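Everything on this sheet refers to the single structure shown next.
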Amino acid sequence: MTKFFISHKNPFAVLLVLIIAGGIFVYGKLQTSLFPEITFPKIKIIADAGLQPVDKMMVSVTKPLEAAIKQVPDLETIRSTTSRGSCEISAFMTWNSDIDVNQQHIESKISEIRNTLPPDVNITVAKMNPSILPVMGYSVESNTRTPIELKQLAIYTIKPFLSQVEGISEIRVTGGRTKEYWLQLNVQKMSTFSITPDLINTALSQTNFIKSNGFLSDYRFLYLTITDATVHNKDELANIVIKNDGKRIVTLKDIATIEVKEGVEFIKINANGKDGLLIAVVKQPNSNLVDLSKAMKVKVEQLKKILPKDVLIKPYYVQADFVNDSVKSVTDSLWIGLALAIIVAIIFLRSVKASATILITIPVTIFLTLIVLYAIGYNFNIMTLGAIAAAIGLIIDDAIVVVEQIHRTHEENPEEPSPVLVQKAIRYLFPAMVGSSLSTIVIFIPFLLMTGVAGSYFSVMTNTMIITLVSSFFVTWIGLPVVYLLLSKRHVTKKQQKEKSLSVKKQKWVSFFILNPIISLVIMAGLIISIILILPKLETGFLPEMDEGSIVLDYTSPPGTSLEETDRMLREAEKIIKTVPEVEAYSRRTGTQMGFFITEEAG
């Protein structure tokens, strides 16, 4: 071990080059998102049964679903919320269970009782993770088109076009209106032709379909024959035959007035003060948010070229902008840390070689950290980026301590060659390096013992911090001496041989505190008292304050308030929003929420 760095200098140099190359490669491969891809042990079941009363909904839907879900293993607690026509059940599983298997068990149990539930009930089962929330949002508005036209344009043009972007899981369309045909029956004419409402209902239910009639062979060709009875417009609906008794054919237009109206919906969308609709983009769990945002931006520009000129599509929420700011802040911290480290090394060590050694060592540590994160499946998010940013100071500190020790050994023994000095400095500092690194890593072990949501998030941050510190230890122990030797001259000059060894000067203020320990104890006691007094006054929270450049306002109108009255009140609030000069764009949802939750309709 006396010539360890001398005999292994070249292999370690090659290893450092490979780490730098691998780090640059991995940096472009790491996925980027706002939060870690953590699936909470919570499965939400939402049942929609139209406008069923609450009491009937509770008996016919909520209770049977709860009874079925309770049979699933690994279930801890279950909570439900029932409103008119809707039921929301939250199943909380144990943290150590497989959430995908739990979801399959719940879906299986619901399938077993599906025949006992009302026939028109619609059930959705989803596991709770950040991927179910939209990462981008766009508003679609027009001054000339009706809500019906906007919704058709969004469903049949915008949604398929944007779904082509790689990494998209779902394109959600909220708002607009559904086209409906309203029939105003003429009772006198119905009586004349002996037509009842049931006869009209039967005639309408037997049309608007496509049915295959089988194959027809005609010499060399084989044809598929179908019966197309679909209704495409108002005129086709008016010509539907209601009664044919052999004497006269009665069509729908003979006994009713047909009008095209908007469907009754209890959702109202407002975009920048105009009636419109919202397009929400949901990404796949493992897709890169930044790359997805760039691709979506290009796709939207292409979409604008095929949309009608009177239709505007504008972004109102882009999560990637906040993530880009986070990445930029970490990059800025790295460059600032490098600059400060070099300045400190130049001022106090007065050595360009020492500064260059630190400049090379710190990026190598970062690249090694990125390689390990990529290998274990982590990505860039506020937890990993925050851990790397917080560890940069410790990385710089490790590098400066080792370089300073090598430089000090060189000053004390100027006649010895650099390989010997480096070996001597590292052998002297190695126990302190191990103790310092272990003492820092041990601090984060309690975070690994945390459970629940906080434990899942902080485990990502803690693991990243530990990986960074371990990488820093190995790079400063093995890599830094190699870099220092590569930057050193091979032979000792005559000038260096003539230099005299420098003795370490005694510091009087250090001796003063050593000889008077009571002063140190008083200072320690003062700090402990300060912590006891200040700690209860500090505010607490799960995550730090984040500024995504957007504000969410939640509002609730009094029970029983109509949609029109709620919309009238909110338009007054919009007038205030428009007066704020910093507001670039805004959107409003009335009658629905942003996430995967139920919203009780109409009061």
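A note on labels: chains of the structure tokens are A, B, ... as shown, every chain counts residues from 1, and ligands are counted from 1 in their shown order.
Proximity to Ile242 (chain A) at 8 Å, evaluated using only C-alpha atoms and with sequence-adjacent residues fewer than 2 positions away removed, yields Leu199, Ile200, Ala203, Ile240, Asn244, Ile249, Val250, Thr251 and Leu252 of chain A.
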Write out as JSON lines the residues of region 405-492 of chain A that have any atom within 9 Å of an atom of region 374-384 of chain A, one row each with the nearest atom pair and its distance in Å to one decimal, counting only C-alpha atoms, sorted by chain and then rising number.
{"residue": "A:Tyr457", "atom": "CA", "partner": "A:Met383", "partner_atom": "CA", "distance": 7.3}
{"residue": "A:Phe458", "atom": "CA", "partner": "A:Met383", "partner_atom": "CA", "distance": 7.5}
{"residue": "A:Val460", "atom": "CA", "partner": "A:Met383", "partner_atom": "CA", "distance": 6.5}
{"residue": "A:Met461", "atom": "CA", "partner": "A:Met383", "partner_atom": "CA", "distance": 4.9}
{"residue": "A:Thr462", "atom": "CA", "partner": "A:Thr384", "partner_atom": "CA", "distance": 8.7}
{"residue": "A:Asn463", "atom": "CA", "partner": "A:Thr384", "partner_atom": "CA", "distance": 8.7}
{"residue": "A:Thr464", "atom": "CA", "partner": "A:Thr384", "partner_atom": "CA", "distance": 5.8}
{"residue": "A:Met465", "atom": "CA", "partner": "A:Thr384", "partner_atom": "CA", "distance": 8.0}
| Any idea what's packed within 8 Å of region 393-395 of chain A, counting only C-alpha atoms, ignoring anything in its chain fewer than 4 positions away? Could you give it as a list in words? | Gly337, Ile362, Thr365, Ala389, Ala399, Leu469 and Ser472 of chain A
| request: Considering only C-alpha atoms, return as a ChimeraX atom specification whatever protein or nucleic-acid residues lie within 12 Å of Glu301 (chain A), sequence-local ones (same chain, fewer than 4 positions apart) excluded. | output: /A:158,161-162,294-297,305-307,312-315
| request: From the DSSP assignment of the backbone, select every residue of region 184-400 of chain A that is strand (DSSP E), and format the answer as a PyMOL selection string. | output: chain A and resi 184-185+210-218+221-228+241-244+249-251+256-262+268-271+274-283+311-318
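Counting only C-alpha atoms and comparing A:Thr227, A:Thr39, A:Ser326, A:Thr81, the residue that lies closest to Met93 (chain A) is A:Thr39.
The coordinates place CA of Ala154 (chain A) at 24.3 Å from CA of Val552 (chain A).
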